[in-house]
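This is work_5.pdb. It holds PDB, N, CA and C atoms.
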MODEL        1
ATOM      1  N   MET H   1      71.981  -2.103  21.409
ATOM      2  CA  MET H   1      72.388  -1.320  22.548
ATOM      3  C   MET H   1      73.773  -1.795  22.964
ATOM      4  N   ALA H   2      74.678  -0.849  23.133
ATOM      5  CA  ALA H   2      76.033  -1.169  23.586
ATOM      6  C   ALA H   2      76.198  -0.681  25.020
ATOM      7  N   TYR H   3      76.624  -1.576  25.891
ATOM      8  CA  TYR H   3      76.824  -1.245  27.295
ATOM      9  C   TYR H   3      78.291  -0.899  27.555
ATOM     10  N   ASP H   4      78.534  -0.225  28.664
ATOM     11  CA  ASP H   4      79.893   0.192  29.030
ATOM     12  C   ASP H   4      80.866  -0.975  29.161
ATOM     13  N   ASP H   5      80.339  -2.149  29.518
ATOM     14  CA  ASP H   5      81.223  -3.306  29.697
ATOM     15  C   ASP H   5      81.514  -4.038  28.386
ATOM     16  N   GLY H   6      81.045  -3.492  27.251
ATOM     17  CA  GLY H   6      81.298  -4.085  25.944
ATOM     18  C   GLY H   6      80.201  -5.004  25.435
ATOM     19  N   GLU H   7      79.243  -5.337  26.288
ATOM     20  CA  GLU H   7      78.140  -6.190  25.852
ATOM     21  C   GLU H   7      77.264  -5.432  24.859
ATOM     22  N   VAL H   8      76.841  -6.107  23.803
ATOM     23  CA  VAL H   8      75.967  -5.511  22.792
ATOM     24  C   VAL H   8      74.725  -6.383  22.667
ATOM     25  N   ARG H   9      73.557  -5.756  22.677
ATOM     26  CA  ARG H   9      72.294  -6.495  22.565
ATOM     27  C   ARG H   9      71.392  -5.834  21.533
ATOM     28  N   GLN H  10      70.550  -6.636  20.922
ATOM     29  CA  GLN H  10      69.524  -6.139  20.019
ATOM     30  C   GLN H  10      68.263  -5.911  20.843
ATOM     31  N   GLN H  11      67.695  -4.728  20.777
ATOM     32  CA  GLN H  11      66.492  -4.413  21.541
ATOM     33  C   GLN H  11      65.268  -4.587  20.654
ATOM     34  N   PHE H  12      64.190  -5.109  21.218
ATOM     35  CA  PHE H  12      62.925  -5.179  20.515
ATOM     36  C   PHE H  12      61.814  -5.030  21.540
ATOM     37  N   SER H  13      60.644  -4.709  21.062
ATOM     38  CA  SER H  13      59.524  -4.566  21.989
ATOM     39  C   SER H  13      58.279  -5.196  21.381
ATOM     40  N   LEU H  14      57.437  -5.729  22.257
ATOM     41  CA  LEU H  14      56.150  -6.288  21.877
ATOM     42  C   LEU H  14      55.090  -5.554  22.677
ATOM     43  N   CYS H  15      54.043  -5.164  22.022
ATOM     44  CA  CYS H  15      52.945  -4.475  22.698
ATOM     45  C   CYS H  15      51.650  -5.209  22.398
ATOM     46  N   PHE H  16      50.829  -5.377  23.399
ATOM     47  CA  PHE H  16      49.571  -6.085  23.251
ATOM     48  C   PHE H  16      48.431  -5.194  23.712
ATOM     49  N   THR H  17      47.299  -5.324  23.080
ATOM     50  CA  THR H  17      46.082  -4.662  23.538
ATOM     51  C   THR H  17      45.435  -5.588  24.562
ATOM     52  N   ALA H  18      45.023  -5.028  25.684
ATOM     53  CA  ALA H  18      44.452  -5.849  26.747
ATOM     54  C   ALA H  18      43.239  -5.161  27.353
ATOM     55  N   ARG H  19      42.487  -5.928  28.082
ATOM     56  CA  ARG H  19      41.315  -5.411  28.776
ATOM     57  C   ARG H  19      41.365  -5.934  30.206
ATOM     58  N   LEU H  20      41.184  -5.043  31.170
ATOM     59  CA  LEU H  20      41.201  -5.428  32.580
ATOM     60  C   LEU H  20      39.931  -6.208  32.910
ATOM     61  N   LEU H  21      40.119  -7.411  33.441
ATOM     62  CA  LEU H  21      38.985  -8.238  33.831
ATOM     63  C   LEU H  21      38.831  -8.319  35.336
ATOM     64  N   GLY H  22      39.912  -8.118  36.075
ATOM     65  CA  GLY H  22      39.832  -8.200  37.525
ATOM     66  C   GLY H  22      41.201  -8.398  38.116
ATOM     67  N   GLY H  23      41.236  -8.519  39.414
ATOM     68  CA  GLY H  23      42.499  -8.718  40.103
ATOM     69  C   GLY H  23      43.175  -7.401  40.431
ATOM     70  N   GLU H  24      44.414  -7.502  40.847
ATOM     71  CA  GLU H  24      45.182  -6.323  41.231
ATOM     72  C   GLU H  24      46.504  -6.305  40.474
ATOM     73  N   ALA H  25      46.911  -5.125  40.045
ATOM     74  CA  ALA H  25      48.213  -4.980  39.403
ATOM     75  C   ALA H  25      49.294  -5.184  40.457
ATOM     76  N   ARG H  26      50.379  -5.888  40.073
ATOM     77  CA  ARG H  26      51.474  -6.096  41.018
ATOM     78  C   ARG H  26      52.783  -6.187  40.243
ATOM     79  N   THR H  27      53.853  -5.883  40.928
ATOM     80  CA  THR H  27      55.175  -5.906  40.310
ATOM     81  C   THR H  27      55.681  -7.342  40.197
ATOM     82  N   SER H  28      56.749  -7.485  39.411
ATOM     83  CA  SER H  28      57.419  -8.776  39.262
ATOM     84  C   SER H  28      58.922  -8.518  39.260
ATOM     85  N   SER H  29      59.690  -9.538  38.961
ATOM     86  CA  SER H  29      61.140  -9.354  38.888
ATOM     87  C   SER H  29      61.543  -8.470  37.712
ATOM     88  N   GLU H  30      60.618  -8.210  36.793
ATOM     89  CA  GLU H  30      60.896  -7.378  35.624
ATOM     90  C   GLU H  30      60.315  -5.975  35.739
ATOM     91  N   SER H  31      59.750  -5.622  36.885
ATOM     92  CA  SER H  31      59.130  -4.300  37.029
ATOM     93  C   SER H  31      59.370  -3.728  38.417
ATOM     94  N   LYS H  32      59.453  -2.409  38.458
ATOM     95  CA  LYS H  32      59.571  -1.700  39.740
ATOM     96  C   LYS H  32      58.227  -1.175  40.197
ATOM     97  N   ALA H  33      57.349  -0.862  39.228
ATOM     98  CA  ALA H  33      56.026  -0.334  39.534
ATOM     99  C   ALA H  33      55.089  -0.647  38.382
ATOM    100  N   VAL H  34      53.817  -0.797  38.669
ATOM    101  CA  VAL H  34      52.796  -0.999  37.647
ATOM    102  C   VAL H  34      51.604  -0.123  37.967
ATOM    103  N   ALA H  35      50.899   0.304  36.926
ATOM    104  CA  ALA H  35      49.710   1.136  37.126
ATOM    105  C   ALA H  35      48.873   1.130  35.860
ATOM    106  N   TRP H  36      47.576   1.250  36.017
ATOM    107  CA  TRP H  36      46.678   1.438  34.880
ATOM    108  C   TRP H  36      46.531   2.943  34.696
ATOM    109  N   VAL H  37      46.768   3.427  33.490
ATOM    110  CA  VAL H  37      46.652   4.855  33.200
ATOM    111  C   VAL H  37      45.842   5.061  31.929
ATOM    112  N   THR H  38      45.242   6.214  31.817
ATOM    113  CA  THR H  38      44.523   6.562  30.592
ATOM    114  C   THR H  38      45.531   6.965  29.523
ATOM    115  N   PRO H  39      45.148   6.912  28.255
ATOM    116  CA  PRO H  39      46.064   7.379  27.204
ATOM    117  C   PRO H  39      46.517   8.825  27.427
ATOM    118  N   TYR H  40      45.621   9.665  27.943
ATOM    119  CA  TYR H  40      45.986  11.057  28.216
ATOM    120  C   TYR H  40      47.079  11.125  29.283
ATOM    121  N   ASP H  41      46.945  10.341  30.342
ATOM    122  CA  ASP H  41      47.944  10.348  31.413
ATOM    123  C   ASP H  41      49.276   9.749  30.954
ATOM    124  N   ALA H  42      49.234   8.851  29.988
ATOM    125  CA  ALA H  42      50.460   8.223  29.495
ATOM    126  C   ALA H  42      51.363   9.228  28.781
ATOM    127  N   GLU H  43      50.800  10.320  28.290
ATOM    128  CA  GLU H  43      51.604  11.336  27.604
ATOM    129  C   GLU H  43      52.695  11.905  28.505
ATOM    130  N   ASP H  44      52.459  11.943  29.808
ATOM    131  CA  ASP H  44      53.412  12.523  30.759
ATOM    132  C   ASP H  44      54.416  11.507  31.302
ATOM    133  N   LEU H  45      54.281  10.246  30.967
ATOM    134  CA  LEU H  45      55.183   9.225  31.482
ATOM    135  C   LEU H  45      56.494   9.208  30.700
ATOM    136  N   PRO H  46      57.610   9.036  31.406
ATOM    137  CA  PRO H  46      58.885   8.930  30.682
ATOM    138  C   PRO H  46      58.964   7.581  29.981
ATOM    139  N   MET H  47      59.205   7.604  28.693
ATOM    140  CA  MET H  47      59.360   6.353  27.945
ATOM    141  C   MET H  47      60.206   6.578  26.703
ATOM    142  N   HIS H  48      60.784   5.514  26.234
ATOM    143  CA  HIS H  48      61.609   5.561  25.029
ATOM    144  C   HIS H  48      60.726   5.939  23.832
ATOM    145  N   PRO H  49      61.249   6.706  22.885
ATOM    146  CA  PRO H  49      60.452   7.095  21.710
ATOM    147  C   PRO H  49      59.829   5.908  20.974
ATOM    148  N   SER H  50      60.499   4.758  20.953
ATOM    149  CA  SER H  50      59.918   3.599  20.275
ATOM    150  C   SER H  50      58.663   3.105  20.998
ATOM    151  N   MET H  51      58.646   3.198  22.325
ATOM    152  CA  MET H  51      57.458   2.810  23.087
ATOM    153  C   MET H  51      56.320   3.804  22.861
ATOM    154  N   ARG H  52      56.652   5.069  22.794
ATOM    155  CA  ARG H  52      55.638   6.092  22.534
ATOM    156  C   ARG H  52      55.010   5.875  21.161
ATOM    157  N   LEU H  53      55.832   5.477  20.180
ATOM    158  CA  LEU H  53      55.326   5.187  18.851
ATOM    159  C   LEU H  53      54.360   4.010  18.887
ATOM    160  N   ARG H  54      54.695   2.957  19.642
ATOM    161  CA  ARG H  54      53.804   1.797  19.757
ATOM    162  C   ARG H  54      52.478   2.195  20.397
ATOM    163  N   LEU H  55      52.530   3.043  21.403
ATOM    164  CA  LEU H  55      51.312   3.514  22.060
ATOM    165  C   LEU H  55      50.456   4.311  21.069
ATOM    166  N   GLN H  56      51.097   5.169  20.302
ATOM    167  CA  GLN H  56      50.376   5.962  19.294
ATOM    168  C   GLN H  56      49.697   5.037  18.281
ATOM    169  N   HIS H  57      50.402   4.015  17.823
ATOM    170  CA  HIS H  57      49.822   3.073  16.875
ATOM    171  C   HIS H  57      48.612   2.361  17.477
ATOM    172  N   ALA H  58      48.699   1.967  18.722
ATOM    173  CA  ALA H  58      47.571   1.292  19.373
ATOM    174  C   ALA H  58      46.366   2.215  19.452
ATOM    175  N   LEU H  59      46.580   3.469  19.782
ATOM    176  CA  LEU H  59      45.471   4.417  19.898
ATOM    177  C   LEU H  59      44.840   4.726  18.545
ATOM    178  N   GLU H  60      45.612   4.549  17.473
ATOM    179  CA  GLU H  60      45.085   4.735  16.117
ATOM    180  C   GLU H  60      44.274   3.522  15.656
ATOM    181  N   ARG H  61      44.295   2.455  16.459
ATOM    182  CA  ARG H  61      43.580   1.206  16.150
ATOM    183  C   ARG H  61      43.946   0.691  14.759
ATOM    184  N   ARG H  62      45.238   0.616  14.514
ATOM    185  CA  ARG H  62      45.735   0.123  13.229
ATOM    186  C   ARG H  62      45.300  -1.324  13.014
ATOM    187  N   PRO H  63      44.975  -1.681  11.784
ATOM    188  CA  PRO H  63      44.510  -3.042  11.502
ATOM    189  C   PRO H  63      45.632  -4.085  11.459
ATOM    190  N   ALA H  64      46.879  -3.635  11.380
ATOM    191  CA  ALA H  64      48.000  -4.571  11.291
ATOM    192  C   ALA H  64      49.136  -4.077  12.179
ATOM    193  N   PRO H  65      49.977  -4.978  12.657
ATOM    194  CA  PRO H  65      51.101  -4.552  13.506
ATOM    195  C   PRO H  65      52.130  -3.760  12.722
ATOM    196  N   TYR H  66      52.870  -2.942  13.422
ATOM    197  CA  TYR H  66      53.985  -2.179  12.838
ATOM    198  C   TYR H  66      55.248  -2.978  13.057
ATOM    199  N   LEU H  67      55.955  -3.270  11.981
ATOM    200  CA  LEU H  67      57.224  -3.968  12.058
ATOM    201  C   LEU H  67      58.276  -3.049  11.457
ATOM    202  N   GLY H  68      59.161  -2.559  12.296
ATOM    203  CA  GLY H  68      60.160  -1.658  11.750
ATOM    204  C   GLY H  68      61.157  -1.220  12.763
TER     205      GLY H  68
ENDMDL
END
Re-express the file's structure as structure tokens.
Amino acid sequence: MAYDDGEVRQQFSLCFTARLLGGEARTSSESKAVAWVTPYDAEDLPMHPSMRLRLQHALERRPAPYLG
């Protein structure tokens, strides 16, 4: 990713499968909002195509991670 100020960064993402055990969702210094949503509801959320691909892979229950 190249920024207007000339800074260039390599972007990557990590996705984990999780299960809610308890507690409350809350924001941090890295988030503006958090929410638990169903896969159907996630279809309407704005996200980068690479994140949508990761979500699709998780829903397919792939046996191995996608590296690419």
The residue from H:Asp41, H:Arg54, H:Gly68, H:Met1 with the smallest atom-to-atom distance to H:Cys15, counting all atoms listed in the file, is H:Arg54
Which polymer residues have any atom within 12 Å of an atom of stretch 38-40 of chain H, counting only C-alpha atoms, with same-chain residues fewer than 4 positions away left out, as a VMD selection string? chain H and resid 44 to 45 52 55 to 60
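Coordinates place atom C of H:Leu67 at a distance of 28.3 Å from atom CA of H:Ala33.
Taking atom CA of H:Arg9 and atom CA of H:Ala42 as endpoints, the distance between them is 27.2 Å.
Taking only chain H, the residues that DSSP calls alpha helix (DSSP H) from the backbone come to H:Pro39, H:Tyr40, H:Asp41, H:Ala42, H:Pro49, H:Ser50, H:Met51, H:Arg52, H:Leu53, H:Arg54, H:Leu55, H:Gln56, H:His57, H:Ala58, H:Leu59.
One distance worth recording is that between atom N of H:Pro49 and atom C of H:Gln10, which is 14.6 Å.
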Hey, can I get the axis-aligned box for stretch 21-26 of chain H? All listed atoms, 6 Å padding on each side, centre and edge lengths in Å to one decimal, as JSON.
{"center_x": 45.8, "center_y": -6.8, "center_z": 37.3, "size_x": 26.0, "size_y": 15.7, "size_z": 19.8}
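Candidate residues H:Ser13, H:Pro65, H:Leu21, H:Arg26 were compared for distance to H:Ser50, and the nearest is H:Ser13, using only N, CA and C atoms.
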Output of the PyMOL selection byres ((chain H and resi 25) around 6.5), listed as an MDAnalysis selection string: chainID H and resid 23:24 26:27 34:35
